[in-house]
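**Student:** Next comes protein_15.cif, mmCIF, C-alpha atoms and all ligand atoms:
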```cif
data_protein
#
loop_
_atom_site.label_atom_id
_atom_site.label_comp_id
_atom_site.auth_asym_id
_atom_site.auth_seq_id
_atom_site.Cartn_x
_atom_site.Cartn_y
_atom_site.Cartn_z
CA MET F 1 -13.63 -6.28 -21.99
CA LEU F 2 -14.67 -2.97 -20.62
CA ARG F 3 -18.43 -2.76 -20.67
CA THR F 4 -19.66 0.25 -22.56
CA VAL F 5 -22.55 1.95 -20.89
CA SER F 6 -24.79 4.19 -22.93
CA ARG F 7 -24.88 7.86 -22.00
CA LEU F 8 -28.44 7.55 -20.80
CA SER F 9 -27.86 4.55 -18.56
CA ARG F 10 -24.65 6.14 -17.26
CA ARG F 11 -26.59 9.20 -16.24
CA ARG F 12 -29.22 7.06 -14.55
CA ILE F 13 -26.58 5.02 -12.76
CA ARG F 14 -24.74 8.14 -11.72
CA SER F 15 -27.80 9.52 -10.04
CA ARG F 16 -27.66 6.52 -7.67
CA LEU F 17 -24.11 7.37 -6.74
CA GLY F 18 -23.56 6.78 -3.05
CA THR F 19 -21.17 8.79 -0.96
CA LEU F 20 -20.17 8.16 2.61
CA ARG F 21 -17.97 10.33 4.75
CA VAL F 22 -15.15 8.90 6.82
CA LYS F 23 -14.05 10.82 9.89
CA TYR F 24 -10.56 10.63 11.33
CA SER F 25 -8.45 12.60 13.75
CA GLY F 26 -6.14 14.33 11.23
CA LEU F 27 -6.02 18.04 10.52
CA SER F 28 -8.65 18.03 7.80
CA GLY F 29 -10.75 15.51 9.69
CA SER F 30 -12.66 13.57 7.07
CA TYR F 31 -12.85 12.34 3.50
CA ALA F 32 -15.56 11.01 1.24
CA ILE F 33 -15.81 7.58 -0.36
CA SER F 34 -17.92 7.73 -3.50
CA VAL F 35 -19.26 4.54 -5.07
CA GLY F 36 -20.90 4.32 -8.47
CA ALA F 37 -20.74 2.83 -11.94
CA GLY F 38 -19.01 4.99 -14.53
CA LEU F 39 -17.58 7.25 -11.87
CA ILE F 40 -14.11 7.49 -13.46
CA ASP F 41 -15.40 9.92 -16.09
CA SER F 42 -16.31 12.53 -13.50
CA ILE F 43 -13.36 12.25 -11.07
CA GLY F 44 -11.60 15.30 -12.55
CA GLU F 45 -14.69 17.41 -12.08
CA ARG F 46 -15.35 16.07 -8.56
CA LEU F 47 -11.77 16.66 -7.45
CA ARG F 48 -11.99 20.37 -8.21
CA SER F 49 -13.98 20.99 -5.03
CA ILE F 50 -11.68 18.74 -2.98
CA LEU F 51 -8.20 19.93 -3.96
CA SER F 52 -6.68 23.31 -3.25
CA ALA F 53 -7.16 26.11 -5.77
CA ARG F 54 -3.35 26.23 -5.84
CA THR F 55 -3.02 22.64 -7.06
CA ARG F 56 -1.27 22.63 -10.42
CA ARG F 57 -0.21 19.00 -10.81
CA VAL F 58 -1.98 15.74 -10.20
CA ALA F 59 0.55 12.93 -10.46
CA LEU F 60 -1.07 9.69 -11.60
CA ILE F 61 0.39 6.36 -10.46
CA SER F 62 -0.90 3.13 -11.95
CA ASN F 63 0.42 0.00 -13.65
CA ARG F 64 0.50 -0.79 -17.36
CA LYS F 65 -2.44 -3.17 -17.24
CA VAL F 66 -4.83 -0.96 -15.29
CA TYR F 67 -3.68 2.20 -17.04
CA GLY F 68 -4.38 0.47 -20.37
CA LEU F 69 -7.97 -0.17 -19.26
CA PHE F 70 -8.94 3.07 -17.51
CA GLY F 71 -5.98 5.44 -17.63
CA ALA F 72 -7.03 7.48 -20.66
CA GLN F 73 -10.51 8.10 -19.20
CA LEU F 74 -9.17 9.26 -15.86
CA GLU F 75 -6.31 11.26 -17.30
CA SER F 76 -8.50 13.16 -19.75
CA GLY F 77 -10.92 14.14 -16.95
CA LEU F 78 -8.03 15.37 -14.80
CA LYS F 79 -6.52 17.37 -17.66
CA HIS F 80 -9.92 18.77 -18.49
CA SER F 81 -10.00 20.20 -14.96
CA GLY F 82 -6.87 22.16 -15.80
CA TRP F 83 -4.15 20.18 -14.04
CA GLU F 84 -0.90 18.88 -15.44
CA VAL F 85 -1.01 15.09 -15.16
CA PRO F 86 2.45 13.51 -15.08
CA THR F 87 1.98 9.74 -15.14
CA TRP F 88 4.19 6.96 -13.80
CA LEU F 89 3.53 3.24 -14.27
CA LEU F 90 4.67 0.76 -11.67
CA GLY F 91 5.42 -2.87 -12.57
CA ASP F 92 2.53 -5.28 -11.97
CA GLY F 93 2.62 -7.53 -8.91
CA GLU F 94 3.36 -7.64 -5.21
CA ARG F 95 7.15 -7.68 -5.74
CA HIS F 96 6.93 -4.13 -7.12
CA LYS F 97 5.55 -2.84 -3.80
CA SER F 98 9.16 -2.32 -2.79
CA LEU F 99 11.57 0.27 -1.46
CA ALA F 100 13.12 0.46 -4.94
CA SER F 101 9.74 1.41 -6.51
CA PHE F 102 9.12 3.84 -3.65
CA GLU F 103 12.39 5.60 -4.44
CA ARG F 104 11.51 5.70 -8.15
CA ALA F 105 8.15 7.25 -7.31
CA LEU F 106 9.85 9.98 -5.25
CA ARG F 107 12.30 10.65 -8.07
CA PHE F 108 9.39 10.92 -10.50
CA PHE F 109 7.65 13.47 -8.22
CA SER F 110 10.83 15.47 -7.93
CA GLU F 111 11.56 15.42 -11.68
CA HIS F 112 8.06 16.75 -12.35
CA GLY F 113 8.40 19.46 -9.73
CA LEU F 114 5.54 18.32 -7.51
CA GLU F 115 4.85 20.87 -4.77
CA ARG F 116 3.14 20.70 -1.38
CA THR F 117 -0.15 21.86 -2.88
CA ASP F 118 -0.12 19.15 -5.57
CA CYS F 119 -1.74 15.75 -5.41
CA VAL F 120 -1.02 12.08 -6.08
CA VAL F 121 -3.76 9.86 -7.53
CA SER F 122 -3.46 6.07 -7.50
CA LEU F 123 -5.34 4.02 -10.09
CA GLY F 124 -5.17 0.27 -9.46
CA GLY F 125 -5.38 -2.43 -6.82
CA GLY F 126 -3.87 -2.52 -3.35
CA VAL F 127 -0.30 -2.76 -4.62
CA VAL F 128 -0.53 0.54 -6.52
CA GLY F 129 -2.56 2.18 -3.73
CA ASP F 130 -0.17 1.18 -0.93
CA LEU F 131 2.93 2.26 -2.86
CA ALA F 132 1.50 5.53 -4.21
CA GLY F 133 0.07 6.37 -0.78
CA PHE F 134 3.39 5.78 0.95
CA ALA F 135 5.20 7.93 -1.59
CA ALA F 136 2.54 10.66 -1.11
CA ALA F 137 2.86 10.35 2.69
CA THR F 138 6.58 11.00 2.67
CA TYR F 139 7.28 13.29 -0.28
CA LEU F 140 7.71 16.83 1.14
CA ARG F 141 6.43 15.31 4.41
CA GLY F 142 3.09 14.59 2.85
CA VAL F 143 1.10 15.69 -0.19
CA ALA F 144 -2.59 15.12 -0.91
CA PHE F 145 -3.49 11.61 -2.00
CA VAL F 146 -6.56 10.26 -3.79
CA GLN F 147 -7.42 6.60 -4.28
CA VAL F 148 -9.15 5.17 -7.33
CA PRO F 149 -9.20 1.46 -6.40
CA THR F 150 -9.92 -1.00 -9.20
CA THR F 151 -9.94 -4.43 -7.51
CA LEU F 152 -12.69 -5.64 -5.23
CA LEU F 153 -10.19 -6.06 -2.40
CA SER F 154 -8.89 -2.53 -2.74
CA GLN F 155 -12.42 -1.10 -3.03
CA ILE F 156 -13.72 -2.64 0.20
CA ASP F 157 -10.51 -2.84 2.18
CA SER F 158 -7.09 -1.44 1.30
CA SER F 159 -8.13 1.99 -0.01
CA ILE F 160 -9.83 2.81 3.30
CA GLY F 161 -8.14 3.38 6.62
CA GLY F 162 -4.96 5.23 5.76
CA LYS F 163 -2.45 2.37 5.99
CA VAL F 164 0.12 2.73 3.21
CA GLY F 165 3.48 1.07 2.81
CA VAL F 166 5.86 -1.26 1.08
CA ASN F 167 7.36 -4.73 1.49
CA SER F 168 11.04 -5.13 2.29
CA GLU F 169 13.60 -7.66 3.40
CA PHE F 170 12.25 -7.14 6.94
CA GLY F 171 8.82 -8.44 5.98
CA LYS F 172 5.56 -7.66 4.22
CA ASN F 173 4.04 -4.22 4.85
CA LEU F 174 6.45 -3.50 7.70
CA ILE F 175 7.61 -0.14 6.36
CA GLY F 176 4.79 2.33 6.02
CA ALA F 177 2.77 5.20 7.35
CA PHE F 178 -0.75 6.30 8.14
CA HIS F 179 -1.81 8.73 5.44
CA HIS F 180 -5.50 9.14 4.80
CA PRO F 181 -6.65 9.88 1.28
CA ARG F 182 -8.45 13.15 0.48
CA ALA F 183 -11.06 11.08 -1.33
CA VAL F 184 -11.75 7.55 -2.54
CA PHE F 185 -13.55 7.06 -5.86
CA ILE F 186 -14.89 3.56 -6.43
CA ASP F 187 -16.06 2.92 -9.97
CA THR F 188 -17.78 -0.47 -9.84
CA ASP F 189 -17.52 -0.77 -13.64
CA THR F 190 -13.80 -1.42 -13.20
CA LEU F 191 -14.65 -4.81 -11.68
CA LEU F 192 -15.95 -6.02 -15.05
CA THR F 193 -12.41 -6.67 -16.27
CA LEU F 194 -11.13 -8.17 -13.04
CA PRO F 195 -9.91 -11.81 -13.33
CA ARG F 196 -12.00 -14.40 -11.49
CA ARG F 197 -9.40 -15.17 -8.84
CA GLU F 198 -9.05 -11.50 -7.96
CA LEU F 199 -12.80 -11.36 -7.44
CA VAL F 200 -12.63 -14.46 -5.23
CA ALA F 201 -9.86 -12.89 -3.16
CA GLY F 202 -11.93 -9.73 -2.69
CA TRP F 203 -15.05 -11.68 -1.74
CA CYS F 204 -13.09 -13.62 0.90
CA GLU F 205 -12.25 -10.30 2.58
CA ALA F 206 -15.88 -9.21 2.19
CA ILE F 207 -17.10 -12.38 3.92
CA LYS F 208 -14.49 -11.74 6.59
CA GLN F 209 -15.73 -8.21 7.27
CA GLY F 210 -19.29 -9.45 7.75
CA ALA F 211 -18.19 -12.40 9.88
CA ILE F 212 -16.20 -10.31 12.36
CA GLY F 213 -18.45 -7.34 12.78
CA SER F 214 -21.91 -7.43 11.29
CA ARG F 215 -24.33 -10.30 10.78
CA PRO F 216 -26.51 -8.21 8.41
CA LEU F 217 -23.41 -7.42 6.31
CA PHE F 218 -22.48 -11.10 6.27
CA LYS F 219 -25.99 -12.08 5.18
CA ARG F 220 -26.10 -9.39 2.52
CA THR F 221 -22.76 -10.49 1.11
CA VAL F 222 -23.91 -14.12 0.98
CA LYS F 223 -27.20 -13.09 -0.64
CA TYR F 224 -25.35 -11.20 -3.38
CA LEU F 225 -23.12 -14.21 -4.08
CA GLU F 226 -26.10 -16.59 -4.13
CA THR F 227 -28.02 -14.34 -6.49
CA PHE F 228 -25.34 -13.09 -8.87
CA GLY F 229 -22.30 -15.29 -8.39
CA LEU F 230 -18.95 -13.52 -8.24
CA LEU F 231 -20.21 -10.57 -10.28
CA ASN F 232 -23.54 -9.69 -11.79
CA SER F 233 -22.95 -10.64 -15.43
CA CYS F 234 -25.08 -7.70 -16.55
CA GLY F 235 -22.36 -5.52 -15.17
CA ALA F 236 -22.99 -2.78 -12.69
CA SER F 237 -25.89 -3.36 -10.39
CA ALA F 238 -27.44 -1.33 -7.67
CA GLU F 239 -27.00 -4.32 -5.34
CA LEU F 240 -23.25 -4.39 -5.96
CA GLU F 241 -22.83 -0.65 -5.44
CA GLN F 242 -24.84 -0.75 -2.23
CA LEU F 243 -22.98 -3.78 -0.95
CA ILE F 244 -19.58 -2.23 -1.67
CA ALA F 245 -20.72 0.97 0.07
CA ALA F 246 -21.88 -1.10 3.08
CA GLN F 247 -18.52 -2.91 3.17
CA CYS F 248 -16.70 0.45 3.05
CA ALA F 249 -18.91 1.81 5.83
CA PHE F 250 -18.03 -1.20 7.96
CA LYS F 251 -14.28 -0.89 7.40
CA SER F 252 -14.28 2.86 7.97
CA GLY F 253 -16.34 2.41 11.14
CA ILE F 254 -13.74 0.06 12.57
CA VAL F 255 -10.91 2.39 11.56
CA ALA F 256 -12.64 5.44 13.04
CA ARG F 257 -12.74 3.79 16.47
CA ASP F 258 -9.13 2.60 16.42
CA GLU F 259 -7.34 4.65 13.83
CA ARG F 260 -3.78 3.54 14.61
CA GLU F 261 -4.55 -0.04 15.66
CA ASP F 262 -3.73 0.37 19.33
CA PRO F 263 -1.65 -2.72 20.22
CA ASN F 264 -3.18 -2.80 23.71
CA ARG F 265 -6.75 -3.17 22.51
CA VAL F 266 -8.31 -6.61 22.46
CA ASP F 267 -12.00 -5.71 22.33
CA ALA F 268 -14.42 -6.84 19.65
CA LYS F 269 -14.35 -3.45 17.90
CA SER F 270 -10.58 -2.97 17.73
CA ARG F 271 -8.93 -2.65 14.32
CA ARG F 272 -7.02 -5.86 14.80
CA ILE F 273 -10.20 -7.94 14.35
CA LEU F 274 -9.69 -7.22 10.65
CA ASN F 275 -6.93 -9.85 10.92
CA PHE F 276 -9.50 -12.66 11.20
CA GLY F 277 -8.19 -15.51 9.04
CA HIS F 278 -4.87 -13.75 8.51
CA THR F 279 -2.72 -15.67 11.03
CA VAL F 280 -3.05 -18.94 9.16
CA GLY F 281 -3.56 -17.10 5.84
CA HIS F 282 -0.09 -15.53 6.06
CA ALA F 283 1.46 -18.85 7.09
CA LEU F 284 -0.14 -20.53 4.04
CA GLU F 285 1.15 -17.79 1.74
CA THR F 286 4.65 -18.23 3.18
CA ALA F 287 4.49 -22.04 3.11
CA THR F 288 3.73 -21.92 -0.61
CA ASP F 289 6.31 -19.18 -1.40
CA TYR F 290 3.61 -16.64 -2.26
CA ARG F 291 3.01 -18.52 -5.53
CA ARG F 292 -0.15 -20.48 -4.93
CA PHE F 293 -2.67 -18.17 -3.30
CA ARG F 294 -3.97 -14.74 -3.91
CA HIS F 295 -3.80 -13.16 -0.44
CA GLY F 296 -7.60 -13.16 -0.04
CA GLU F 297 -7.83 -16.84 -0.98
CA ALA F 298 -5.37 -17.73 1.79
CA VAL F 299 -7.45 -15.63 4.18
CA GLY F 300 -10.53 -17.60 3.08
CA ILE F 301 -8.88 -20.82 4.28
CA GLY F 302 -7.46 -19.08 7.35
CA MET F 303 -11.00 -18.06 8.37
CA LEU F 304 -12.12 -21.68 8.26
CA VAL F 305 -9.20 -22.68 10.50
CA ALA F 306 -10.02 -19.88 12.97
CA GLY F 307 -13.66 -20.99 12.84
CA GLU F 308 -12.65 -24.58 13.59
CA ILE F 309 -10.44 -23.48 16.51
CA GLY F 310 -13.36 -21.47 17.89
CA LYS F 311 -15.67 -24.45 17.56
CA ARG F 312 -13.22 -26.82 19.28
CA LEU F 313 -12.81 -24.32 22.12
CA GLY F 314 -16.58 -24.15 22.51
CA ILE F 315 -16.65 -20.45 21.52
CA THR F 316 -18.11 -20.65 18.01
CA PRO F 317 -21.42 -22.52 17.65
CA GLN F 318 -21.34 -25.36 15.09
CA ALA F 319 -24.20 -23.81 13.09
CA GLU F 320 -22.31 -20.52 12.72
CA LEU F 321 -19.23 -22.33 11.45
CA LYS F 322 -21.44 -24.17 8.96
CA SER F 323 -22.71 -20.84 7.62
CA LEU F 324 -19.13 -19.59 7.28
CA HIS F 325 -18.19 -22.72 5.30
CA ALA F 326 -21.26 -22.29 3.10
CA ALA F 327 -20.31 -18.67 2.36
CA VAL F 328 -16.74 -19.56 1.38
CA LYS F 329 -18.05 -22.44 -0.74
CA LEU F 330 -20.05 -19.98 -2.84
CA LEU F 331 -16.71 -18.74 -4.22
CA GLY F 332 -15.89 -22.07 -5.85
CA ARG F 333 -12.78 -24.14 -5.25
CA LEU F 334 -9.92 -22.38 -3.55
CA PRO F 335 -6.35 -23.51 -4.33
CA ARG F 336 -5.53 -26.94 -2.90
CA THR F 337 -4.13 -27.27 0.60
CA ASP F 338 -4.12 -31.05 1.08
CA ASP F 339 -0.41 -31.19 0.20
CA VAL F 340 0.58 -28.47 2.69
CA GLU F 341 2.15 -29.98 5.81
CA PRO F 342 0.26 -28.91 8.97
CA ALA F 343 3.58 -29.12 10.87
CA HIS F 344 5.09 -26.58 8.46
CA VAL F 345 2.18 -24.19 9.05
CA MET F 346 2.57 -24.70 12.81
CA SER F 347 6.28 -23.86 12.64
CA LEU F 348 5.52 -20.68 10.70
CA LEU F 349 2.99 -19.72 13.37
CA GLN F 350 5.66 -20.25 16.04
CA ARG F 351 7.94 -17.89 14.13
CA ASP F 352 5.13 -15.34 13.89
CA LYS F 353 4.58 -15.68 17.61
CA LYS F 354 8.08 -14.43 18.34
CA SER F 355 7.30 -11.18 16.57
CA VAL F 356 4.15 -10.56 18.58
CA ASP F 357 5.28 -10.54 22.17
CA GLY F 358 5.44 -14.24 22.74
CA SER F 359 1.93 -15.19 21.76
CA ILE F 360 -0.49 -14.84 18.91
CA ASN F 361 -3.76 -13.05 19.40
CA TRP F 362 -6.24 -15.28 17.62
CA ILE F 363 -9.29 -13.59 16.19
CA LEU F 364 -12.13 -16.05 16.72
CA LEU F 365 -15.90 -15.76 16.46
CA ASP F 366 -18.43 -15.73 19.29
CA ARG F 367 -20.93 -15.84 16.48
CA LEU F 368 -21.20 -14.42 12.97
CA GLY F 369 -20.92 -10.67 13.42
CA LEU F 370 -19.06 -10.78 16.72
CA ALA F 371 -15.31 -11.31 16.98
CA ASN F 372 -13.49 -12.47 20.08
CA ILE F 373 -9.75 -11.92 20.52
CA VAL F 374 -8.19 -14.82 22.38
CA ASP F 375 -4.62 -14.97 23.65
CA GLY F 376 -2.82 -17.90 22.00
CA LYS F 377 -1.43 -18.88 25.42
CA ASP F 378 -4.98 -19.85 26.40
CA ILE F 379 -5.40 -22.23 23.46
CA PRO F 380 -3.99 -25.76 23.76
CA PRO F 381 -1.55 -26.33 20.83
CA GLY F 382 -3.34 -29.60 20.05
CA ILE F 383 -6.49 -27.66 19.19
CA VAL F 384 -4.63 -25.37 16.79
CA LYS F 385 -2.81 -28.29 15.17
CA GLY F 386 -5.95 -30.43 14.90
CA SER F 387 -7.91 -27.55 13.37
CA ILE F 388 -5.21 -26.83 10.81
CA ARG F 389 -4.96 -30.50 9.90
CA SER F 390 -8.68 -30.97 9.44
CA VAL F 391 -9.19 -27.81 7.31
CA LEU F 392 -6.10 -28.35 5.13
CA ALA F 393 -7.13 -31.92 4.43
CA SER F 394 -10.62 -30.88 3.36
CA CYS F 395 -9.78 -27.94 1.02
N1 LIG P 401 -3.41 -0.68 3.09
C1 LIG P 401 -4.21 -1.58 3.59
O1 LIG P 401 -4.93 -1.34 4.57
C2 LIG P 401 -4.28 -2.92 2.93
C3 LIG P 401 -5.30 -3.82 3.26
C4 LIG P 401 -5.39 -5.02 2.58
C5 LIG P 401 -4.44 -5.32 1.58
N2 LIG P 401 -3.45 -4.43 1.30
C6 LIG P 401 -2.46 -4.71 0.24
O2 LIG P 401 -3.14 -4.76 -0.99
C7 LIG P 401 -2.35 -5.55 -1.89
C8 LIG P 401 -3.26 -6.48 -2.65
O3 LIG P 401 -4.14 -5.70 -3.41
P1 LIG P 401 -4.99 -6.36 -4.59
O4 LIG P 401 -5.61 -7.62 -4.13
O5 LIG P 401 -5.84 -5.27 -5.11
O6 LIG P 401 -3.88 -6.83 -5.64
P2 LIG P 401 -3.11 -6.08 -6.84
O7 LIG P 401 -3.00 -4.65 -6.61
O8 LIG P 401 -1.86 -6.87 -7.07
O9 LIG P 401 -4.09 -6.32 -8.07
C9 LIG P 401 -4.35 -7.65 -8.49
C10 LIG P 401 -4.19 -7.80 -10.01
O10 LIG P 401 -5.32 -7.25 -10.65
C11 LIG P 401 -4.92 -6.34 -11.67
N3 LIG P 401 -6.00 -5.37 -11.78
C12 LIG P 401 -6.29 -4.35 -10.94
N4 LIG P 401 -7.44 -3.79 -11.28
C13 LIG P 401 -7.90 -4.44 -12.38
C14 LIG P 401 -9.06 -4.33 -13.17
N5 LIG P 401 -10.02 -3.47 -12.86
N6 LIG P 401 -9.20 -5.15 -14.21
C15 LIG P 401 -8.26 -6.10 -14.48
N7 LIG P 401 -7.16 -6.26 -13.76
C16 LIG P 401 -6.99 -5.45 -12.71
C17 LIG P 401 -3.60 -5.82 -11.19
O11 LIG P 401 -2.84 -5.30 -12.25
C18 LIG P 401 -2.99 -7.08 -10.59
O12 LIG P 401 -2.43 -7.89 -11.60
C19 LIG P 401 -1.31 -6.26 -1.05
O13 LIG P 401 -0.06 -5.65 -1.25
C20 LIG P 401 -1.79 -6.04 0.38
O14 LIG P 401 -0.71 -6.00 1.30
C21 LIG P 401 -3.37 -3.24 1.95
ZN ZN P 402 -6.14 -9.21 4.03
#
```
Please go through the file and, once you have read it, give me the structure as structure tokens.
Ligand SMILES: NC(=O)c1ccc[n+]([C@@H]2O[C@H](COP(=O)([O-])OP(=O)(O)OC[C@H]3O[C@@H](n4cnc5c(N)ncnc54)[C@H](O)[C@@H]3O)[C@@H](O)[C@H]2O)c1
Ligand SMILES: [Zn+2]

**Tutor:**
Amino acid sequence: MLRTVSRLSRRRIRSRLGTLRVKYSGLSGSYAISVGAGLIDSIGERLRSILSARTRRVALISNRKVYGLFGAQLESGLKHSGWEVPTWLLGDGERHKSLASFERALRFFSEHGLERTDCVVSLGGGVVGDLAGFAAATYLRGVAFVQVPTTLLSQIDSSIGGKVGVNSEFGKNLIGAFHHPRAVFIDTDTLLTLPRRELVAGWCEAIKQGAIGSRPLFKRTVKYLETFGLLNSCGASAELEQLIAAQCAFKSGIVARDEREDPNRVDAKSRRILNFGHTVGHALETATDYRRFRHGEAVGIGMLVAGEIGKRLGITPQAELKSLHAAVKLLGRLPRTDDVEPAHVMSLLQRDKKSVDGSINWILLDRLGLANIVDGKDIPPGIVKGSIRSVLASC
């Protein structure tokens, strides 16, 4: 149920609204990420100073479920600001992040006469954001794009950094573009309706971001989970808003230093460290036909495998790995893995290896807050296999 917040408390909450500015190398140079409870109501008003005076249409892309929860609120604010708001609803689920949906989105823009000075707004999780952003990146060679992410994962991760795209027969996320949003509006109230497993998936990525780049962020994330569980049951909290803002600041900081994920970079600040836990995570998703895990949950287990590999190589101290396990444990039981064959996961990693120049770059941890990219050629296969076996058997 959507929590109703009284006018007074909304106003008070709004006054705490945090905004951070993300710089990038594009023509317009930067965009703001705003975080606050009840923010959806004021997006129309806020966008007026961001969009061109010539903007006439703001095309809204969402899915039925999310639109049913927050669409009317957002749409009425946008209309109140004087724009036409044609709306298109995508099917719900990863399979709709497809070339077919992309083409439908372009047709929808064309049928509604969207022009270069118009804007596309996405309301939803990463699936809606990635698809809407890719359509915005390509239609008329790029129109303005605004993200209103409504899952924890999309609020701290996918809405920031400009990567947009679709899945295809060639693989997941392999067709896409870099197209930064003009603004990101994160209304933390939207998390109140988010199913438990979606929260878990988002928290796994939040733990990841702390683990690879910032011990204080890791500690703060753990403290929130210890204090409030997956979500403060009283709804919006200053702690949650501040933590989400800190997570966004971390992600945008990484992106700012390596906007296009330079494939030659292997330093501890390169964008590819965001893939911590993803090598094994992707293999687990594939091994279970994308039916068992939410992506973030698979990453949660993948992080433990990477931690174990680091420990066995003598890179990650035992105590640090223990803290990582304790953090993941705060999220409750993740989907079972004891029936997944380690040999199957290994064979999927081998396949992955072929697509990345003969060897995998493993993101490991020197300690919590400091990633270390290690060439797979330097890791004995027995260590990888043993680590996978021991983590899968214990989850
Ligand atoms: N572009 C990037 O940099 C980047 C980074 C990470 C992930 N991604 C992509 O993000 C996608 C995953 O995003 P996701 O985890 O947000 O999943 P999602 O978009 O599928 O959303 C998860 C589910 O939650 C529902 N939902 C969304 N908001 C809700 C709310 N407030 N209340 C109730 N239900 C709600 C959705 O309808 C959906 O059923 C993947 O496609 C992944 O590839 C992209
Ligand atoms: Zn991820």

**Student:** Could the residues that lie within 7 Å of ligand LIG 401 (chain P), counting only C-alpha atoms and all ligand atoms, be listed as a PyMOL selection string?

**Tutor:** chain F and resi 63+65-66+92-94+97+124-128+130+150-154+157-164+173+190-195+198+201-202+295

**Student:** Go ahead and write the selection's residues with C-alpha atoms as an mmCIF file, in the coordinates of the input.

**Tutor:**
```cif
data_model
loop_
_atom_site.group_PDB
_atom_site.id
_atom_site.type_symbol
_atom_site.label_atom_id
_atom_site.label_comp_id
_atom_site.auth_asym_id
_atom_site.auth_seq_id
_atom_site.Cartn_x
_atom_site.Cartn_y
_atom_site.Cartn_z
ATOM 1 C CA ASN F 63 0.420 0.000 -13.650
ATOM 2 C CA LYS F 65 -2.440 -3.170 -17.240
ATOM 3 C CA VAL F 66 -4.830 -0.960 -15.290
ATOM 4 C CA ASP F 92 2.530 -5.280 -11.970
ATOM 5 C CA GLY F 93 2.620 -7.530 -8.910
ATOM 6 C CA GLU F 94 3.360 -7.640 -5.210
ATOM 7 C CA LYS F 97 5.550 -2.840 -3.800
ATOM 8 C CA GLY F 124 -5.170 0.270 -9.460
ATOM 9 C CA GLY F 125 -5.380 -2.430 -6.820
ATOM 10 C CA GLY F 126 -3.870 -2.520 -3.350
ATOM 11 C CA VAL F 127 -0.300 -2.760 -4.620
ATOM 12 C CA VAL F 128 -0.530 0.540 -6.520
ATOM 13 C CA ASP F 130 -0.170 1.180 -0.930
ATOM 14 C CA THR F 150 -9.920 -1.000 -9.200
ATOM 15 C CA THR F 151 -9.940 -4.430 -7.510
ATOM 16 C CA LEU F 152 -12.690 -5.640 -5.230
ATOM 17 C CA LEU F 153 -10.190 -6.060 -2.400
ATOM 18 C CA SER F 154 -8.890 -2.530 -2.740
ATOM 19 C CA ASP F 157 -10.510 -2.840 2.180
ATOM 20 C CA SER F 158 -7.090 -1.440 1.300
ATOM 21 C CA SER F 159 -8.130 1.990 -0.010
ATOM 22 C CA ILE F 160 -9.830 2.810 3.300
ATOM 23 C CA GLY F 161 -8.140 3.380 6.620
ATOM 24 C CA GLY F 162 -4.960 5.230 5.760
ATOM 25 C CA LYS F 163 -2.450 2.370 5.990
ATOM 26 C CA VAL F 164 0.120 2.730 3.210
ATOM 27 C CA ASN F 173 4.040 -4.220 4.850
ATOM 28 C CA THR F 190 -13.800 -1.420 -13.200
ATOM 29 C CA LEU F 191 -14.650 -4.810 -11.680
ATOM 30 C CA LEU F 192 -15.950 -6.020 -15.050
ATOM 31 C CA THR F 193 -12.410 -6.670 -16.270
ATOM 32 C CA LEU F 194 -11.130 -8.170 -13.040
ATOM 33 C CA PRO F 195 -9.910 -11.810 -13.330
ATOM 34 C CA GLU F 198 -9.050 -11.500 -7.960
ATOM 35 C CA ALA F 201 -9.860 -12.890 -3.160
ATOM 36 C CA GLY F 202 -11.930 -9.730 -2.690
ATOM 37 C CA HIS F 295 -3.800 -13.160 -0.440
#
```

**Student:** With a distance cut-off of 12 Å and only C-alpha atoms, select the neighbouring residues of Asn264 (chain F), excluding the residue or stretch itself and same-chain residues fewer than 3 positions from it, and output the selection as a VMD selection string.

**Tutor:** chain F and resid 258 260 to 261 267 270 to 272 356 to 357 361 373

**Student:** Could you check how far CA of Phe293 (chain F) sits from CA of Pro335 (chain F), in Å to one decimal?

**Tutor:** 6.6 Å

**Student:** When the cut-off is 10 Å and you count only C-alpha atoms and all ligand atoms, which residues lie near ligand ZN 402 (chain P), shown as a VMD selection string?

**Tutor:** chain F and resid 153 to 154 157 to 158 201 to 202 204 to 206 208 274 to 278 281 to 282 294 to 300

**Student:** Output the selection as a compact mmCIF listing (two decimals), in the coordinates of the input - C-alpha atoms for each residue.

**Tutor:**
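In the end it all went to again_38.txt:
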```txt
# COMPACT_ATOMS: atom_id res chain seq x y z
CA LEU F 153 -10.19 -6.06 -2.40
CA SER F 154 -8.89 -2.53 -2.74
CA ASP F 157 -10.51 -2.84 2.18
CA SER F 158 -7.09 -1.44 1.30
CA ALA F 201 -9.86 -12.89 -3.16
CA GLY F 202 -11.93 -9.73 -2.69
CA CYS F 204 -13.09 -13.62 0.90
CA GLU F 205 -12.25 -10.30 2.58
CA ALA F 206 -15.88 -9.21 2.19
CA LYS F 208 -14.49 -11.74 6.59
CA LEU F 274 -9.69 -7.22 10.65
CA ASN F 275 -6.93 -9.85 10.92
CA PHE F 276 -9.50 -12.66 11.20
CA GLY F 277 -8.19 -15.51 9.04
CA HIS F 278 -4.87 -13.75 8.51
CA GLY F 281 -3.56 -17.10 5.84
CA HIS F 282 -0.09 -15.53 6.06
CA ARG F 294 -3.97 -14.74 -3.91
CA HIS F 295 -3.80 -13.16 -0.44
CA GLY F 296 -7.60 -13.16 -0.04
CA GLU F 297 -7.83 -16.84 -0.98
CA ALA F 298 -5.37 -17.73 1.79
CA VAL F 299 -7.45 -15.63 4.18
CA GLY F 300 -10.53 -17.60 3.08
```
